[in-house]
Amino acid sequence: MSALVQLLAVAKRYADAPALHPTDLSIERGKTTVLIGPSGCGKSTLLRVIIGLIPPDSGTIDFDASQITPVNIEMLRRRIGYVIQEGGLFPHLTARANILLMARHLGKSDEEMHARLLELCELTRFPENLLARYPLELSGGQRQRVSLMRALMLSPELLLLDEPLGALDPLVRASLQKDLKEIFARLCQTALLVTHDLAEAAYFGDDIVLMNEGRVVQQGSITDLRERPANPFVSEFINAQRSVALA
Amino acid sequence: MSALVQLLAVAKRYADAPALHPTDLSIERGKTTVLIGPSGCGKSTLLRVIIGLIPPDSGTIDFDASQITPVNIEMLRRRIGYVIQEGGLFPHLTARANILLMARHLGKSDEEMHARLLELCELTRFPENLLARYPLELSGGQRQRVSLMRALMLSPELLLLDEPLGALDPLVRASLQKDLKEIFARLCQTALLVTHDLAEAAYFGDDIVLMNEGRVVQQGSITDLRERPANPFVSEFINAQRSVALA
Amino acid sequence: MKSFVRLTLAGMARSCVRGHRSALSLPMLLLFFSATLCFAANPVLIGSKKFTESYVLGEIAKRTLNETGIPAEHRQGMGGTIILWEALRGGQIDVYPEYTGTIAQEILKTERQLSVQEIRDALTKFGVGMTEPLGFNNTYALVMRRNEAQRLGIRTIGDLGKHPELKIGLTHEFLDRRDGWQPLRQRYSLPQLNIVGIDHALGYAALAKGSIDVKDAYSTDAKIAENDLVALADSFDFFPKYDAVFLFRTSLRDDAIGALRGVAGTLDEARMVRLNAEAERTKNYTKAANLYFQNAAGSAVTAGESFWQKLVRWTLRHLELAGFSLLLSIITGIPLGILASRGGAIGNMILGFAGVMQTVPSLALLALLVPLPFFGISVRTAITALFLYGLLPIVRNTASGLQDIPRSLRESAIALGLTPAARLWQIYLPMASRSILSGIKTSAVINVGTATLAALIGAGGYGEPILSGLNLNDHVTILEGAIPAALLALIVQWSFDLLDRVLIPKGLRL
Amino acid sequence: MKSFVRLTLAGMARSCVRGHRSALSLPMLLLFFSATLCFAANPVLIGSKKFTESYVLGEIAKRTLNETGIPAEHRQGMGGTIILWEALRGGQIDVYPEYTGTIAQEILKTERQLSVQEIRDALTKFGVGMTEPLGFNNTYALVMRRNEAQRLGIRTIGDLGKHPELKIGLTHEFLDRRDGWQPLRQRYSLPQLNIVGIDHALGYAALAKGSIDVKDAYSTDAKIAENDLVALADSFDFFPKYDAVFLFRTSLRDDAIGALRGVAGTLDEARMVRLNAEAERTKNYTKAANLYFQNAAGSAVTAGESFWQKLVRWTLRHLELAGFSLLLSIITGIPLGILASRGGAIGNMILGFAGVMQTVPSLALLALLVPLPFFGISVRTAITALFLYGLLPIVRNTASGLQDIPRSLRESAIALGLTPAARLWQIYLPMASRSILSGIKTSAVINVGTATLAALIGAGGYGEPILSGLNLNDHVTILEGAIPAALLALIVQWSFDLLDRVLIPKGLRL
Ligand SMILES: Nc1ncnc2c1ncn2[C@@H]1O[C@H](COP(=O)(O)OP(=O)(O)OP(=O)(O)O)[C@@H](O)[C@H]1O
Ligand SMILES: Nc1ncnc2c1ncn2[C@@H]1O[C@H](COP(=O)(O)OP(=O)(O)OP(=O)(O)O)[C@@H](O)[C@H]1O
Ligand SMILES: [Mg+2]
Ligand SMILES: [Mg+2]
């Protein structure tokens with residue numbers, strides 16, 4: 001299986017400092033690639049470059065074997081689902097309208113949309129009766145699930161998830177992780193997931209990419225990272241998370 | 001030692017559903033009380049009621065033995081530090097200005113503020129050179145640390161922390177947890193912390209409060225919750241979190 | 001300020017009365033050439049010249065048609081002969097009152113006295129028809145105090161020859177005209193040398209005081225009745241006939257023509273003098289016209305256009321002016337604001353243009369548009385000026401509202417894959433709606449206010465009573481326009497506030 | 001529209017010229033009574049009446065003072081005798097040109113001919129001083145074509161008695177005055193019966209054509225030189241003396257009084273006629289006044305106030321009007337907007353009030369303020385009207401900008417424990433700054449535009465050349481005001497855009 005997304009020497013710098021050094025990365029079809037790394041290392045920047053929100057300073061990105069250009073990016077975005085880190089729900093639309101926005105725009109039938117919506121609510125354990133609320137009337141975790149549903153709605157080829165489960169309680173999170181992993185496997189879903197939870201990374205990640213200060217430090221399975229760390233930073237990072245097992 | 005904050009039968013309902021059933025809760029002086037529970041169970045609501053952002057429908061709240069009223073709430077807020085779940089950084093102010101806002105308002109001296117700022121940057125592992133950036137120029141985790149610094153700036157008597165470490169990578173998070181715990185112990189800091197990470201809850205929590213659907217289900221140490229669950233929901237919730245220990 | 005406007009209008013009215021048979025004054029052309037209405041043209045449109053008698057005849061025509069069940073509108077005081085004639089030929093009006101002498105001299109440009117039939121034949125080739133004379137002849141006349149005339153036994157102009165001691169005060173126009181004093185004196189062989197030139201209005205005062213004994217006048221001038229004067233008979237038919245008639249477009253519906261013909265022969269000089277006097281006394285042309293119907297029908301059937309009916313008419317027109325221009329401002333202002341929100345040279349140009357439009361004060365804006373071919377004196381011009389005037393607040397608030405949308409939400413909309421159009425309509429515009437609506441509200445209120453100036457170019461609305469009140473120096477009439485205008489502004493304000501509830505999404509108002 | 005304004009102003013100017021010694025017309029009082037300036041009063045303020053000669057004398061006084069190094073300003077054409085006199089006594093002006101005959105009759109209200117010394121003594125008790133006569137006597141005169149007069153050997157009024165065949169055309173004013181035609185005829189025992197009343201302006205044409213042979217005129221009328229006429233000597237001193245003088249406040253600085261006294265005796269009739277002719281030909285009073293200095297000093301030292309100097313003066317005044325009113329709008333508008341942002345009854349009332357202010361068109365707003373005691377015809381009134389006019393956009397945008405702040409940020413500010421004042425200043429207002437600035441920009445541009453109307457009440461600015469251009473029917477002069485006004489709007493627009501960079505926090509522009 002070839003890569004769905006292929007980054008070649010992609011770099012990005014903001015006014016004062018580089019956020020992304022020239023980076024090569026391939027996201028394999030049907031696999032879940034997990035992006036981990038310290039805060040501010042450039043994970044969100046990488047996702048934003050892929051979906052074309054910020055143009056890279058140099059380098060090329062291929063999607064499905066054709067290079068992403070300002071011309072085709074518009075159409076490509078419809079094949080990508082993106083959960084933005086801040087949530088990015090539109091305050092003037094209800095949860096339902098936020099989720100259905102794009103489907104409506106593409107003229108999906110009402111039944112189809114309704115069925116998919118119910119499916120998603122169940123998946124995310126989102127109470128259906130809250131669908132009529134506006135984002136400001138939802139709790140933080142509820143908002144995050146609405147964002148996730150919005151990204152999943154159209155069953156996109158590629159999912160870009162920027163800490164999609166960060167605000168969720170362990171109960172919902174655990175079952176959501178389980179369900180998502182099953183679905184991803186069943187549908188051969190390609191996904192790029194950013195997380196801070198190493199357990200989550202290990203659970204999802206066929207392939208874990210560890211970044212630091214704008215560079216990919218090591219790529220591989222969790223066992224690779226744990227047992228064959230590329231440098232001391234990798235071990236330090238991997239061992240940092242406190243286990244629930246208490247003293 | 002008496003309770004610093006004492007809630008008596010505090011209840012709050014939004015238009016269509018109760019968010020908080022009549023709830024009694026006491027936050028002991030010098031201890032860290034941890035609030036856990038499923039998404040949407042009313043944790044943030046509880047914090048917002050305490051700091052007076054939303055008036056409770058019924059019940060009373062005492063702070064330092066005197067009842068909170070609309071008249072004294074303004075002054076009391078200065079003795080409370082609050083990290084809002086959404087971050088709540090002011091976009092028109094730099095990170096530094098956000099952090100120093102209240103201190104400046106109270107006319108603290110420049111040296112004092114500067115010293116405290118350096119202390120906080122070190123505590124949160126926040127690179128000093130980013131202090132001049134605007135919130136929009138920071139990564140999610142960096143923003144969260146700025147919020148935390150803002151809340152800690154004035155060394156408030158009470159800290160209300162609504163998922164303050166959710167967007168942080170394990171490395172920063174682990175050391176921050178350690179440092180915070182030390183500081184809290186040294187200063188006898190009273191804190192109310194909301195988290196979704198049970199390990200974190202266990203690490204901090206002298207006293208863990210588990211909520212569900214607007215009610216306090218059980219209050220006690222992590223051992224109490226684990227070994228003497230009040231009902232099946234408690235065990236389910238406590239056991240949900242996947243450990244990093246792999247198969 | 002008020003006096004400023006009053007002075008002007010009074011001045012105009014005066015100059016019109018004096019020269020009403022021949023005046024083609026450019027300012028009047030510009031000012032009172034009534035609107036080529038671009039919408040709603042069902043009713044019969046009646047024009048009148050800018051002097052009392054013409055107003056009254058216009059009102060009579062209107063009520064005559066109304067009573068026959070034909071809707072009619074009266075555009076009062078549009079200007080002088082040439083303006084009315086061109087408006088009739090151009091189809092901007094369907095009917096107006098005219099005088100046979102004026103038709104012969106000013107329109108057909110002949111020196112001869114023409115018979116009614118000759119005039120009618122000549123008019124046919126212009127597509128214009130003429131009723132029979134209405135019954136009175138508004139020509140020049142020499143007038144005297146009634147008692148003095150009786151004492152001296154003077155009845156005709158010729159009788160003046162027997163009293164060379166009488167002081168005669170004449171207007172300069174009459175002294176100068178080729179059908180004026182010199183030929184009259186020859187025709188009647190009058191010996192008088194005792195002639196002074198005197199202003200028309202002052203002449204009546206002089207006559208009353210006895211400083212002069214004889215003066216010239218129009219034979220139906222209300223002042224004749226008021227001052228108890230008598231007009232001397234023109235036994236040699238020296239003065240040309242100025243029989244009042246209605247001119248109409250021959251394409252006018254038959255029932256309307258029939259109704260107008262019915263007026264012919266029903267208005268003698270004494271009656272017309274009385275109607276004119278009533279109009280000048282009450283400052284109400286409709287009331288004066290009603291007198292005609294009372295005497296004719298024996299009873300007052302309706303009171304003409306009541307205040308409330310007028311109020312409705314003004315309100316509708318005002319709403320039309322302000323509403324239509326607001327609509328234009330909105331549908332051009334929002335797109336321009338969207339462009340401007342992107343900043344850069346184009347954004348600056350757009351805001352600069354809208355700013356310059358706002359800078360040119362409303363009057364000047366009208367002044368600049370009036371000379372342009374497409375515009376001229378019309379409702380179009382008024383609406384265009386109002387439209388340009390209302391542009392800036394909408395453009396600017398649209399731009400600033402769009403720029404205030406948080407980046408994270410803009411990026412969400414892009415990342416979702418919405419087309420730029422969908423982003424705009426479904427995300428950006430709703431989110432900027434509060435700011436845009438605030439601009440529209442400002443614009444609406446400005447338009448309601450500025451629309452009162454539209455009456456200056458005859459476009460109607462609340463400016464009509466305001467101007468007419470200033471003209472008649474009648475404060476009640478001014479308030480009849482000023483108060484509704486202020487109320488309308490408040491209502492517009494408040495109904496937009498209600499609209500806020502509908503147009504600003506609920507999620508933004510939490 | 002343009003013609004409308006032109007007509008009015010022309011009409012006013014005419015009526016002022018005709019009756020310039022006695023006119024106290026209400027509209028003029030309202031319109032041209034120049035500003036009681038509330039700020040900047042250092043320079044000597046010179047007034048003039050609303051006719052050419054007075055303008056020119058005012059300019060001469062101004063340049064005389066300037067050349068002595070005394071700053072002076074000239075408020076042109078403020079009105080008639082009584083207005084100028086009251087302005088002088090009230091201290092709104094320091095100097096103005098007057099005529100001895102007018103002083104005796106209109107101000108001191110005596111029938112007698114007073115000597116210069118008698119007049120000076122009488123004025124002292126009003127705190128007013130008078131220079132010696134400037135050198136010419138602008139009284140009534142009878143004028144004839146020069147060649148005809150020479151042919152017939154007529155030099156004095158008395159000589160007319162030998163030629164009873166001459167046709168005499170007189171203005172009505174002259175026919176009516178108690179020092180007019182009747183007593184003159186008796187004094188000189190003239191036999192003429194051949195008298196016609198004729199308009200002053202038309203009279204010159206009639207004289208040129210030969211329709212009349214003699215007419216009345218002011219002795220320094222520019223038309224006398226233009227038409228090559230000659231004034232007949234008044235050998236019996238029938239006409240009262242109208243020697244031109246400067247009146248000044250005795251409190252005026254001594255060097256200024258000295259400089260004005262220096263003008264006395266330097267301007268004879270022929271010279272004044274030439275200056276008047278120059279002024280009417282070039283439509284430039286300053287240029288005409290410069291002629292005086294050229295001949296006096298033998299060379300043209302300075303060109304008086306150049307176009308650029310005038311431009312600077314207009315610009316400064318315009319900026320003062322628009323800037324000051326904008327400042328008021330801002331400092332009241334933002335607090336009102338803050339109140340309004342809370343909604344409720346008070347919010348609606350505030351927006352309603354500001355809306356009604358916007359509805360009342362700027363002219364009407366001026367008209368409403370002028371009768372009020374505190375306001376009257378003054379810069380104050382102009383600024384107040386502009387201020388009220390500019391209120392709405394600021395109030396509304398402040399309100400909508402504040403309402404658009406996301407709830408999470410409002411709550412953060414509250415939770416931090418900031419006082420309400422600190423929240424407003426440090427959080428809410430900066431976050432709403434884009435919207436507020438957008439309102440201020442709209443308001444600024446409106447004010448720049450509407451300020452041109454302020455010239456109607458003598459408040460100056462770019463409206464001054466516009467109105468004066470309309471008056472003289474001189475398009476170049478109109479553009480001298482209109483183009484800078486439009487440019488100023490653009491500059492204001494763009495400089496506010498620059499201000500955006502400073503005032504909108506950088507964090508909001510990312
Ligand atoms: N303004 C509002 N109007 C109506 N319902 C609201 C509003 N704000 C919160 N709610 C509801 O109240 C309940 C409690 O919300 P709260 O934010 O306290 O949850 P939470 O425990 O903080 O959840 P999370 O862990 O997801 O942040 C939720 O079901 C939420 O949907
Ligand atoms: N608009 C901007 N201008 C300048 N610097 C920026 C901007 N946006 C992001 N950065 C910087 O770029 C770096 C990478 O940011 P990015 O958001 O990709 O981090 P991240 O890996 O997603 O971190 P986190 O885990 O905290 O979300 C950070 O140091 C951030 O401060
Ligand atoms: Mg990130
Ligand atoms: Mg919460």
# chains A, B, ... in the order shown; residues from 1 in each chain; ligands from 1
>>> select_by_dssp(residues="region 29-163 of chain B", states="helix (DSSP H, G or I)", output="PyMOL selection string")
chain B and resi 43-50+73-77+95-105+110-124+128-132+135-137+140-152
>>> residues_near_ligand(ligand="ligand 2", cutoff="10 Å", atoms="only C-alpha atoms and all ligand atoms", output="number ranges by chain")
A: 12-20, 35-49, 54, 85-86, 162-163, 194-196, 211-214; B: 127, 129-131, 133-145, 166-169; D: 510
>>> interface_residues(of="chain C", to="chain B", cutoff="10 Å", atoms="only C-alpha atoms", output="PDB file with C-alpha atoms, in the first residue's frame")
ATOM      1  CA  PRO C 406     -11.774  34.990  15.221  1.00  0.00           C
ATOM      2  CA  ARG C 407      -9.112  33.272  13.165  1.00  0.00           C
ATOM      3  CA  SER C 408      -9.838  29.836  14.544  1.00  0.00           C
TER       4      SER C 408
END
>>> residues_around(residues="Val83 (chain A)", least_positions_apart="6", cutoff="7 Å", atoms="only C-alpha atoms", output="NGL selection string")
:A and (147-148 or 151 or 160-162 or 164)
>>> write_last_selection(atoms="C-alpha atoms", output="short mmCIF file (atom, residue, chain, number, x, y, z; two decimals), in the first residue's frame")
data_model
loop_
_atom_site.label_atom_id
_atom_site.label_comp_id
_atom_site.auth_asym_id
_atom_site.auth_seq_id
_atom_site.Cartn_x
_atom_site.Cartn_y
_atom_site.Cartn_z
CA SER A 147 -16.17 18.69 16.66
CA LEU A 148 -15.31 15.04 16.28
CA ALA A 151 -15.05 15.69 11.16
CA LEU A 160 -6.61 14.83 10.93
CA LEU A 161 -7.33 14.80 14.66
CA ASP A 162 -5.64 17.42 16.83
CA PRO A 164 -9.66 15.10 19.75
#
>>> closest_residue(among="C:Leu388, C:Val196, C:Ile330, C:Ala354", to="chain D", atoms="only C-alpha atoms")
C:Val196
>>> residues_around(residues="Asn227 (chain D)", least_positions_apart="4", cutoff="8 Å", atoms="only C-alpha atoms", output="list in words")
Arg145, Tyr204, Ala208 and Lys223 of chain D
>>> atom_distance(atom1="CA of Leu229 (chain D)", atom2="CA of Ala149 (chain D)")
8.8 Å
>>> residues_around(residues="Arg410 (chain C)", least_positions_apart="5", cutoff="9 Å", atoms="only C-alpha atoms", output="list in words")
Gly88 of chain A; Ile405, Ala415, Arg423, Ile427 and Tyr428 of chain C
>>> closest_residue(among="B:Glu157, B:Asp110, B:Asp206, B:Glu200", to="Ala174 (chain B)", atoms="only C-alpha atoms")
B:Glu200
>>> atom_distance(atom1="CA of Leu100 (chain B)", atom2="CA of Leu165 (chain B)")
20.6 Å
>>> residues_around(residues="Asn66 (chain C)", least_positions_apart="2", cutoff="12 Å", atoms="only C-alpha atoms", output="ChimeraX atom specification")
/C:43-46,59-64,68-74,255-256,259-260,302,304-305
>>> residues_around(residues="Ala270 (chain D)", least_positions_apart="4", cutoff="9 Å", atoms="only C-alpha atoms", output="MDAnalysis selection string")
chainID D and resid 136 220 225 274:275
>>> closest_residue(among="A:Arg104, A:Ala132, A:Ala185, A:Ile73", to="ligand 1", atoms="only C-alpha atoms and all ligand atoms")
A:Ala132
>>> closest_residue(among="C:Leu166, C:Ala264, C:Val395, C:Leu123", to="chain D", atoms="only C-alpha atoms")
C:Val395
>>> select_by_dssp(residues="region 236-474 of chain C", states="strand (DSSP E or B)", output="list of chain:residue names")
C:Asp243, C:Ala244, C:Val245, C:Phe246, C:Leu247, C:Phe248, C:Arg249
>>> decode(residues="region 72-83 of chain C", atoms="all heavy atoms", output="PDB file, in the first residue's frame")
ATOM      1  N   ALA C  72     -56.463  59.708  -9.375  1.00  0.00           N
ATOM      2  CA  ALA C  72     -55.714  60.834  -9.946  1.00  0.00           C
ATOM      3  C   ALA C  72     -54.771  61.382  -8.895  1.00  0.00           C
ATOM      4  O   ALA C  72     -55.065  61.350  -7.708  1.00  0.00           O
ATOM      5  CB  ALA C  72     -56.683  61.928 -10.406  1.00  0.00           C
ATOM      6  N   GLU C  73     -53.631  61.851  -9.384  1.00  0.00           N
ATOM      7  CA  GLU C  73     -52.679  62.501  -8.484  1.00  0.00           C
ATOM      8  C   GLU C  73     -52.373  63.883  -9.001  1.00  0.00           C
ATOM      9  O   GLU C  73     -52.322  64.099 -10.200  1.00  0.00           O
ATOM     10  CB  GLU C  73     -51.371  61.702  -8.419  1.00  0.00           C
ATOM     11  CG  GLU C  73     -51.287  60.769  -7.264  1.00  0.00           C
ATOM     12  CD  GLU C  73     -49.914  60.118  -7.208  1.00  0.00           C
ATOM     13  OE1 GLU C  73     -48.906  60.824  -7.434  1.00  0.00           O
ATOM     14  OE2 GLU C  73     -49.868  58.897  -6.969  1.00  0.00           O
ATOM     15  N   HIS C  74     -52.133  64.799  -8.081  1.00  0.00           N
ATOM     16  CA  HIS C  74     -51.882  66.173  -8.475  1.00  0.00           C
ATOM     17  C   HIS C  74     -50.471  66.576  -8.072  1.00  0.00           C
ATOM     18  O   HIS C  74     -50.143  66.605  -6.900  1.00  0.00           O
ATOM     19  CB  HIS C  74     -52.913  67.081  -7.787  1.00  0.00           C
ATOM     20  CG  HIS C  74     -52.719  68.540  -8.091  1.00  0.00           C
ATOM     21  ND1 HIS C  74     -53.297  69.538  -7.368  1.00  0.00           N
ATOM     22  CD2 HIS C  74     -51.980  69.160  -9.050  1.00  0.00           C
ATOM     23  CE1 HIS C  74     -52.932  70.721  -7.849  1.00  0.00           C
ATOM     24  NE2 HIS C  74     -52.123  70.513  -8.878  1.00  0.00           N
ATOM     25  N   ARG C  75     -49.617  66.846  -9.067  1.00  0.00           N
ATOM     26  CA  ARG C  75     -48.268  67.343  -8.789  1.00  0.00           C
ATOM     27  C   ARG C  75     -48.315  68.860  -8.816  1.00  0.00           C
ATOM     28  O   ARG C  75     -48.299  69.468  -9.877  1.00  0.00           O
ATOM     29  CB  ARG C  75     -47.277  66.890  -9.842  1.00  0.00           C
ATOM     30  CG  ARG C  75     -47.343  65.438 -10.155  1.00  0.00           C
ATOM     31  CD  ARG C  75     -45.992  64.802 -10.147  1.00  0.00           C
ATOM     32  NE  ARG C  75     -46.147  63.367 -10.211  1.00  0.00           N
ATOM     33  CZ  ARG C  75     -46.535  62.613  -9.185  1.00  0.00           C
ATOM     34  NH1 ARG C  75     -46.744  63.153  -8.012  1.00  0.00           N
ATOM     35  NH2 ARG C  75     -46.685  61.322  -9.329  1.00  0.00           N
ATOM     36  N   GLN C  76     -48.323  69.435  -7.629  1.00  0.00           N
ATOM     37  CA  GLN C  76     -48.560  70.875  -7.533  1.00  0.00           C
ATOM     38  C   GLN C  76     -47.356  71.700  -7.922  1.00  0.00           C
ATOM     39  O   GLN C  76     -46.223  71.359  -7.605  1.00  0.00           O
ATOM     40  CB  GLN C  76     -48.935  71.228  -6.099  1.00  0.00           C
ATOM     41  CG  GLN C  76     -50.204  70.545  -5.636  1.00  0.00           C
ATOM     42  CD  GLN C  76     -50.582  70.973  -4.235  1.00  0.00           C
ATOM     43  OE1 GLN C  76     -49.811  71.624  -3.559  1.00  0.00           O
ATOM     44  NE2 GLN C  76     -51.793  70.621  -3.825  1.00  0.00           N
ATOM     45  N   GLY C  77     -47.632  72.820  -8.591  1.00  0.00           N
ATOM     46  CA  GLY C  77     -46.622  73.843  -8.807  1.00  0.00           C
ATOM     47  C   GLY C  77     -45.337  73.337  -9.442  1.00  0.00           C
ATOM     48  O   GLY C  77     -44.254  73.535  -8.927  1.00  0.00           O
ATOM     49  N   MET C  78     -45.476  72.710 -10.616  1.00  0.00           N
ATOM     50  CA  MET C  78     -44.287  72.138 -11.232  1.00  0.00           C
ATOM     51  C   MET C  78     -43.406  73.185 -11.895  1.00  0.00           C
ATOM     52  O   MET C  78     -42.223  72.940 -12.107  1.00  0.00           O
ATOM     53  CB  MET C  78     -44.681  71.095 -12.263  1.00  0.00           C
ATOM     54  CG  MET C  78     -45.291  69.852 -11.631  1.00  0.00           C
ATOM     55  SD  MET C  78     -46.092  68.802 -12.855  1.00  0.00           S
ATOM     56  CE  MET C  78     -44.721  68.370 -13.886  1.00  0.00           C
ATOM     57  N   GLY C  79     -43.962  74.316 -12.256  1.00  0.00           N
ATOM     58  CA  GLY C  79     -43.122  75.318 -12.902  1.00  0.00           C
ATOM     59  C   GLY C  79     -43.940  76.219 -13.802  1.00  0.00           C
ATOM     60  O   GLY C  79     -45.119  76.489 -13.525  1.00  0.00           O
ATOM     61  N   GLY C  80     -43.327  76.681 -14.895  1.00  0.00           N
ATOM     62  CA  GLY C  80     -44.002  77.600 -15.796  1.00  0.00           C
ATOM     63  C   GLY C  80     -44.544  76.883 -17.017  1.00  0.00           C
ATOM     64  O   GLY C  80     -44.513  75.658 -17.113  1.00  0.00           O
ATOM     65  N   THR C  81     -45.046  77.692 -17.961  1.00  0.00           N
ATOM     66  CA  THR C  81     -45.723  77.156 -19.129  1.00  0.00           C
ATOM     67  C   THR C  81     -44.925  76.074 -19.859  1.00  0.00           C
ATOM     68  O   THR C  81     -45.419  74.978 -20.101  1.00  0.00           O
ATOM     69  CB  THR C  81     -45.985  78.309 -20.126  1.00  0.00           C
ATOM     70  OG1 THR C  81     -46.739  79.298 -19.442  1.00  0.00           O
ATOM     71  CG2 THR C  81     -46.726  77.817 -21.337  1.00  0.00           C
ATOM     72  N   ILE C  82     -43.662  76.407 -20.160  1.00  0.00           N
ATOM     73  CA  ILE C  82     -42.898  75.499 -21.013  1.00  0.00           C
ATOM     74  C   ILE C  82     -42.658  74.169 -20.324  1.00  0.00           C
ATOM     75  O   ILE C  82     -42.740  73.097 -20.921  1.00  0.00           O
ATOM     76  CB  ILE C  82     -41.561  76.163 -21.424  1.00  0.00           C
ATOM     77  CG1 ILE C  82     -41.850  77.436 -22.201  1.00  0.00           C
ATOM     78  CG2 ILE C  82     -40.727  75.211 -22.259  1.00  0.00           C
ATOM     79  CD1 ILE C  82     -42.765  77.243 -23.393  1.00  0.00           C
ATOM     80  N   ILE C  83     -42.413  74.251 -19.034  1.00  0.00           N
ATOM     81  CA  ILE C  83     -42.178  73.015 -18.283  1.00  0.00           C
ATOM     82  C   ILE C  83     -43.407  72.129 -18.303  1.00  0.00           C
ATOM     83  O   ILE C  83     -43.344  70.938 -18.584  1.00  0.00           O
ATOM     84  CB  ILE C  83     -41.795  73.352 -16.827  1.00  0.00           C
ATOM     85  CG1 ILE C  83     -40.451  74.062 -16.821  1.00  0.00           C
ATOM     86  CG2 ILE C  83     -41.734  72.103 -15.970  1.00  0.00           C
ATOM     87  CD1 ILE C  83     -40.062  74.581 -15.474  1.00  0.00           C
TER      88      ILE C  83
END
